[in-house]
Structures are given as C-alpha cells and as structure tokens.
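Everything on this sheet refers to the single structure shown next.
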Amino acid sequence: MSEKVCKMFQHADDTTVTVSDKKSIDEVFNVFELYGKCSGAKINRQKSEIMPIGKGCMTENEQNCHGLKICENEILLLGVYIDKNEHVCNELNWRGKLSKIKMFLNMWIQRKLTIHGRVNVITSLLMFRLWYNLFVTFMPEWAIEEMKRLRVNFVWNGGAHLVQYNTIICDKTKGGLQLPDIKSKLCAFRLKLLARFLNEDYNVIWKDIFRYFISKIFNTKLAEEIVFMSLKDKYLSCIPVIYKEMLQSFCFTRENVSFDYTVENIYNQPLFCNSEVLICGKTILWNDFIEAGIIQLKDICYEVKPGFLPQNTIVEIVAKGNDEYDIDSIIKRYRSLQSALPELWTKTVGTEVYHRTNNRKIDINLNMNCKLVDFKMCSSKQLYCLVIDKLCQPPKSVDKWMNIFQEDESIMHKVWKIVNMFWKPSIMTELDFKIAHCCIFTNERLLKMKLVDNDLCDICCNEIEDIMHLFIKCSELYDFHQYLITKVELLLDTCDSDQVNSVVYEQIFMLGITVTLNGVNACQFC
C-alpha cells in the first residue's frame, strides 16, 4: 500500500497511538514516563482506552498491568466513534446528536420568530454542531433525512411547507432563504478533500490510503488519474464510503470541470469508463483488456517513439498466447477504440513521446459564474455554492407574476432584493416573502385544501378570493387604494425618468418599484 508508517496522531490533549504488538505497549508507556519526568505531565490511565483489532486480544492480567479500559467493539477518537460494526457506529455518531438537535429546536420554536429568524437560528446556532463530524466521517441516509425533516419543520413552525425545499435553500437574491443543505455541504467537504488529494504540496497519510483503495477499482492500479473516469455507483462498492462520496461529488460537478491537459495527462488517460472515449454513445469497459494491463492510453502506445502499437501486438498482449481468444474480436475492438479517441489524444500520440519522469500533476479548473477557478484553491464555501446552484429550483410564483403583470423574468431579481431590504422590520420581510411566493392562504387555496366550503371573498362575497383580490381588487378596499394612488402620483410627479409611464400601481403595491426612478426619494409625504 505504502512504505509510510504513522504510529501517532495528536490533537490538543488527545493522543492516539497505533502499535503492532504487546511489547510496543510497554515501550509507549516508557516514553510517556520519560516525558513525564522531564515535563511533570502524566498520562491519566483511568481515562485511557485500548482497542485490539484483527486477531489482537488482551488478557485480564494485561489489562490490570497497564490499567487501561479495554474497548472490544467501539472507541471514541477525537469526538468520533470508531466501531467494528458500521450500523452501531452510525447510531453512536448520529443518534445522540440528532436527539440534542431536536431538543434545541424545540426550545427555540417556543419563541415568536419569523421565518427568516428561524433560518438564522439554524444557520448560526445549529449547523456548526455538525460540520466536524460531517467532514471526518460519513452521514447515513436516515440521519440526513431526519435532519432535513427537523430543520424544515422548524422553519415552517410545524405548519405547512409553503415553499418547496429546493427553493428555500437558494440564495435570497433568487427567492430562497439560504437554508443550509446537509447533502450539499457534505458534497462540498468531499470535493475539498479531493482537491487536497490532488494538491502535491499537501502531504498526509490518508492520501496513500485513498490511493490503495482506488487502485482496487477494477484492479486498474490507478491513482490520481481516477478523476478522469466517470464511475457508476456499483463500481465503487469496493471502497470506503467517504472515498466513494469524494468521487460521486466530483462526478456531480463534472459539467463544470475543465482539465488543463499536459502530454503526460493525455498519456495517463484511462481508456475505460471515460466520458471522452465513447463507442455508440456509451463508455466502454473491457475486462480482458484491463486484466492484460491495457488500462491507460500509454498502454497502447510505443514507449520510445510516437505512435500506436500495431494490432498484432495488442492481440498478443490480450490473448497471452491463449488460442481460445477470438482474435478478430480483439482487432475489431482495438480499431473501434482508436476511432473513439479524441482528436487531441490521437494527435499527441502521433507527435509526442511519453516521459515517465515528467511531472504527472493534474490541473483542474471549475467554471463558477462564468469564471475559471483553480480547483485546488477553492474554499468549501465556493464549492458549496457550486453544488447548491445545481440543486436550486426557481420559485413557482415567478410564472404567476409574469402572467399577471405581463413582465419578463428579470424583474423578479429586483423583487427578491426589495423583499430582503435590510432596513425593513422582520415581520414585514416575512409578509413580503409570502406575497412574492404567492403562498398567502386565500379562500381559493383553502377550498383546494377542502378547508372551506367556497372560495368567495368573506368581505365582499362577490368574487373569488385570490391573492390579487385579497390585496387589491376587493371592492371594500376601493377608498384605501384611491388614497394610495394619489400619493403614488404625487411621488412620481417629481421623477425625472422616461420609465414613469410604464409603472403600474398594482405592481408597485404587490411587488414594489422594480424600475429605477430618479427623484423618488426627494418627495416626502404628509
């Protein structure tokens, strides 16, 4: 796997030591004792634990001799449980944490907070409790769903979910509440780990462990080159969950990825499960080629001169002298493979020679808001924004307002800005949010929910009570709106803008002024 050995891990006042035999335990305590004589510090054996793994075991006499508590199945390391049973480990790591979060939310839900206030509680006081565990271990699906349920119910105060989840996780400028999404944060953390894996200046032991496991995928013996492949979930069952999530997260953002290919990168390209190599529109996977050692582009090329290996050489490599192999099939597939290679690869093979001693680093850029950003330099926040943008769905109310006021979608960006003006009282921000999302409970909506007998307005009893009737069209509001119209006309009389004629009172009342009008703020009302 690797020649590197790491016997000790330390963080703050916690020390974790890994030893290969029982004699080493005595040596560890001899070192600690010597350190104690010099510094005055001592190891608290009553709080120290030991966990035998593999075929290792501890007798009762050995336990009494060392004064250590023996953990047969699970042990707590730096706040995270390590257990021989995956199910038990997940329960220990997440069940108690979810119970505490539930108690925390039940305490805060008793306070009269607005929707935005409850989101702030989740963002500022709750989510930081999860980030460490989420970064160093995986979160099972049941825990993710339970966490999502607790948070969403808290946001809506235990009532109806007025806006779909994939909208409230969006940025406020897009009609959302910026509610943190657990899966997206998990994806961002895994992408950050992958960026560190590709960073040659970041030297840690887990990178060798990761290389060991990914080399087991199809037994390809690949390392960093695995990022060029598009692997289905079923092919990743042989690696630990965290490493699986790293590759899945990268695959999720694949359309935003661009590679800066060097000659070595091209020669190291995997031939199989590579979206750049398609036959009949599909990636290929030929196990007999892989078993023969034909895995990367360099495996079908000369080592000392440009060009592809001839067909008879490939047949000899794959068949290995076995007469039972279908030689025609090998030749046919090899020709198809050469035809499927991108033009850049074919041109490189024909003009350049692969040098094994040259740097093999992989440079990746991510397209973020039409800007290319170095993947290795991306922060977790940037990666989270990239992931969340893929999941966000625009509010359903956008189409409704466009139909009512015959406007294009661009005005909604200004509407969300008006909704979230910093100077507005929180209760007003909540009301404007509900109006902009058309999620006020009118009789029209209540009838569809079978909570009322008819959808007529309870005040005028003449027309259907939809959102426009509730705020503007009801006859009982006529005098009120006439008063406001005179004030709006007075306001607009001072404007020096050619857009005054396009202003519609109903739109101002429901959504605010979405055009720039010079001189509006110069007028004061009585």
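Residue numbering restarts at 1 in every chain; chains get A, B, ... in the order shown in the structure tokens, and ligands count up from 1 in that same order.
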Listing only residues of stretch 20-43 of chain A within 10 Å of stretch 66-76 of chain A, what is the closest atom pair and its distance in Å (to one decimal) for each, using only C-alpha atoms, sorted by chain and residue number ascending, as a tab-separated table?
```
residue	atom	partner	partner_atom	distance
A:Ile25	CA	A:His66	CA	8.5
A:Asp26	CA	A:His66	CA	8.3
A:Phe29	CA	A:His66	CA	8.8
```
Mind dumping the selected residues with N, CA and C atoms as an mmCIF file, in the first residue's frame?
```cif
data_model
loop_
_atom_site.group_PDB
_atom_site.id
_atom_site.type_symbol
_atom_site.label_atom_id
_atom_site.label_comp_id
_atom_site.auth_asym_id
_atom_site.auth_seq_id
_atom_site.Cartn_x
_atom_site.Cartn_y
_atom_site.Cartn_z
ATOM 1 N N ILE A 25 3.372 -1.744 23.564
ATOM 2 C CA ILE A 25 2.580 -1.013 24.562
ATOM 3 C C ILE A 25 3.474 -0.572 25.713
ATOM 4 N N ASP A 26 4.339 -1.494 26.173
ATOM 5 C CA ASP A 26 5.276 -1.146 27.247
ATOM 6 C C ASP A 26 6.214 -0.032 26.808
ATOM 7 N N PHE A 29 4.517 3.402 27.008
ATOM 8 C CA PHE A 29 4.424 3.956 28.361
ATOM 9 C C PHE A 29 5.795 4.316 28.922
#
```
Shell of 12 Å around stretch 459-463 of chain A, only C-alpha atoms, local chain residues under 4 positions omitted, as an mmCIF file with C-alpha atoms, in the first residue's frame:
```cif
data_model
loop_
_atom_site.group_PDB
_atom_site.id
_atom_site.type_symbol
_atom_site.label_atom_id
_atom_site.label_comp_id
_atom_site.auth_asym_id
_atom_site.auth_seq_id
_atom_site.Cartn_x
_atom_site.Cartn_y
_atom_site.Cartn_z
ATOM 1 C CA ASN A 443 -60.079 31.169 0.163
ATOM 2 C CA GLU A 444 -59.125 29.981 -3.319
ATOM 3 C CA ASN A 454 -66.480 28.124 -1.081
ATOM 4 C CA ASP A 455 -63.785 30.376 -2.495
ATOM 5 C CA ILE A 467 -54.118 36.929 -3.834
ATOM 6 C CA MET A 468 -54.874 39.890 -6.126
ATOM 7 C CA HIS A 469 -58.438 40.141 -4.810
ATOM 8 C CA LEU A 470 -57.271 39.893 -1.201
ATOM 9 C CA PHE A 471 -54.906 42.857 -1.516
ATOM 10 C CA LYS A 473 -59.440 44.005 -6.228
ATOM 11 C CA CYS A 474 -61.871 43.686 -3.321
ATOM 12 C CA SER A 475 -64.489 46.473 -3.545
ATOM 13 C CA GLU A 476 -64.134 47.179 0.170
ATOM 14 C CA LEU A 477 -60.548 48.321 -0.494
ATOM 15 C CA TYR A 478 -61.518 50.928 -3.115
#
```
Pull the alpha helix (DSSP H) assignments for stretch 257-325 of chain A out of DSSP run on the backbone, and list those residues as number ranges by chain. A: 263-267, 287-291, 311-319
Which residues come within 12 Å of A:Gln382, counting only C-alpha atoms, excluding same-chain residues fewer than 3 positions away, as number ranges by chain? A: 184-185, 187-189, 191-192, 366-369, 373-379, 385-389
Nearest residue to A:Ile217 from the set A:Thr137, A:Ser237, A:Gln482, A:Ser339 (distances using only C-alpha atoms):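 Of all the options, A:Ser237 lies closest to A:Ile217.
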From the list A:Ile513, A:Leu247, A:Leu194, A:Ala12, which residue is nearest A:Lys417 when using only C-alpha atoms?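 Of the candidates, the smallest distance to A:Lys417 is held by A:Ile513.
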Give me every strand (DSSP E or B) residue in stretch 98-346 of chain A, going by DSSP on the backbone, as an MDAnalysis selection string. chainID A and resid 257:260 270 279 282 296 301 308
Would you write out those residues with N, CA and C atoms, as a PDB file, in the first residue's frame?
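Printed below is selection.pdb as written:
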```
ATOM      1  N   VAL A 257     -16.337  21.101 -14.811  1.00  0.00           N
ATOM      2  CA  VAL A 257     -14.908  20.793 -14.728  1.00  0.00           C
ATOM      3  C   VAL A 257     -14.250  20.943 -16.092  1.00  0.00           C
ATOM      4  N   SER A 258     -13.073  21.533 -16.086  1.00  0.00           N
ATOM      5  CA  SER A 258     -12.239  21.559 -17.293  1.00  0.00           C
ATOM      6  C   SER A 258     -10.806  21.228 -16.891  1.00  0.00           C
ATOM      7  N   PHE A 259     -10.166  20.376 -17.682  1.00  0.00           N
ATOM      8  CA  PHE A 259      -8.804  19.933 -17.393  1.00  0.00           C
ATOM      9  C   PHE A 259      -7.804  20.700 -18.254  1.00  0.00           C
ATOM     10  N   ASP A 260      -6.683  21.064 -17.638  1.00  0.00           N
ATOM     11  CA  ASP A 260      -5.557  21.611 -18.397  1.00  0.00           C
ATOM     12  C   ASP A 260      -4.620  20.454 -18.729  1.00  0.00           C
ATOM     13  N   PRO A 270      -7.344   7.193 -18.613  1.00  0.00           N
ATOM     14  CA  PRO A 270      -7.933   5.845 -18.636  1.00  0.00           C
ATOM     15  C   PRO A 270      -8.731   5.637 -19.920  1.00  0.00           C
ATOM     16  N   ILE A 279     -18.111   4.765 -27.486  1.00  0.00           N
ATOM     17  CA  ILE A 279     -18.423   3.929 -28.644  1.00  0.00           C
ATOM     18  C   ILE A 279     -19.932   3.736 -28.666  1.00  0.00           C
ATOM     19  N   LYS A 282     -21.655   5.426 -25.671  1.00  0.00           N
ATOM     20  CA  LYS A 282     -21.509   4.895 -24.315  1.00  0.00           C
ATOM     21  C   LYS A 282     -20.036   4.684 -23.982  1.00  0.00           C
ATOM     22  N   GLN A 296      -4.577   2.437 -19.595  1.00  0.00           N
ATOM     23  CA  GLN A 296      -4.430   3.838 -19.959  1.00  0.00           C
ATOM     24  C   GLN A 296      -3.966   3.974 -21.405  1.00  0.00           C
ATOM     25  N   CYS A 301       0.535   2.497 -26.675  1.00  0.00           N
ATOM     26  CA  CYS A 301       1.461   3.335 -27.442  1.00  0.00           C
ATOM     27  C   CYS A 301       2.899   2.851 -27.256  1.00  0.00           C
ATOM     28  N   PHE A 308       0.852   4.519 -32.165  1.00  0.00           N
ATOM     29  CA  PHE A 308       0.120   3.439 -31.511  1.00  0.00           C
ATOM     30  C   PHE A 308       0.787   2.099 -31.792  1.00  0.00           C
TER      31      PHE A 308
END
```
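Closest to A:Tyr132 among A:Ile464, A:Ile82, A:Asn93, A:Arg196 is A:Asn93, based on only C-alpha atoms.
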Non-local contacts of A:Phe9 (12 Å; only C-alpha atoms; under 6 positions in same chain excluded) as a list in words: Thr15, Thr16, Val17, Thr18, Leu77, Leu78, Val204 and Ile205 of chain A
Please save N, CA and C atoms of the selected residues as a PDB file, in the first residue's frame.
```pdb
ATOM      1  N   THR A  15      -4.228  11.945  22.387  1.00  0.00           N
ATOM      2  CA  THR A  15      -3.174  11.225  21.666  1.00  0.00           C
ATOM      3  C   THR A  15      -3.672   9.834  21.312  1.00  0.00           C
ATOM      4  N   THR A  16      -3.529   9.455  20.054  1.00  0.00           N
ATOM      5  CA  THR A  16      -3.897   8.118  19.595  1.00  0.00           C
ATOM      6  C   THR A  16      -2.645   7.439  19.058  1.00  0.00           C
ATOM      7  N   VAL A  17      -2.326   6.275  19.621  1.00  0.00           N
ATOM      8  CA  VAL A  17      -1.125   5.534  19.233  1.00  0.00           C
ATOM      9  C   VAL A  17      -1.540   4.188  18.660  1.00  0.00           C
ATOM     10  N   THR A  18      -0.940   3.808  17.538  1.00  0.00           N
ATOM     11  CA  THR A  18      -1.186   2.505  16.922  1.00  0.00           C
ATOM     12  C   THR A  18       0.083   1.663  17.031  1.00  0.00           C
ATOM     13  N   LEU A  77     -12.599   8.415  19.231  1.00  0.00           N
ATOM     14  CA  LEU A  77     -11.362   9.072  18.818  1.00  0.00           C
ATOM     15  C   LEU A  77     -11.675  10.483  18.338  1.00  0.00           C
ATOM     16  N   LEU A  78     -11.186  11.469  19.084  1.00  0.00           N
ATOM     17  CA  LEU A  78     -11.355  12.873  18.707  1.00  0.00           C
ATOM     18  C   LEU A  78     -12.814  13.215  18.418  1.00  0.00           C
ATOM     19  N   VAL A 204      -0.202  14.069   3.541  1.00  0.00           N
ATOM     20  CA  VAL A 204      -0.824  13.421   4.697  1.00  0.00           C
ATOM     21  C   VAL A 204      -0.953  11.929   4.415  1.00  0.00           C
ATOM     22  N   ILE A 205      -1.078  11.142   5.489  1.00  0.00           N
ATOM     23  CA  ILE A 205      -1.074   9.687   5.366  1.00  0.00           C
ATOM     24  C   ILE A 205      -2.316   9.163   4.646  1.00  0.00           C
TER      25      ILE A 205
END
```
Length of the atom CA of A:Lys390 to atom CA of A:Glu276 vector [Å]: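 Value for the atom CA of A:Lys390-atom CA of A:Glu276 distance: 22.5 Å.
Counting only C-alpha atoms, the residue from A:Tyr243, A:Tyr165, A:Phe441, A:Tyr261 that sits nearest to A:Ile214 is A:Tyr243.
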Separating atom CA of A:Met51 from atom CA of A:Val31, to the nearest tenth of an Å, is a gap of 19.9 Å
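Closest approach to A:Lys47 among A:Phe32, A:Lys234, A:Asn287, A:Asp14: A:Asp14, based on only C-alpha atoms.
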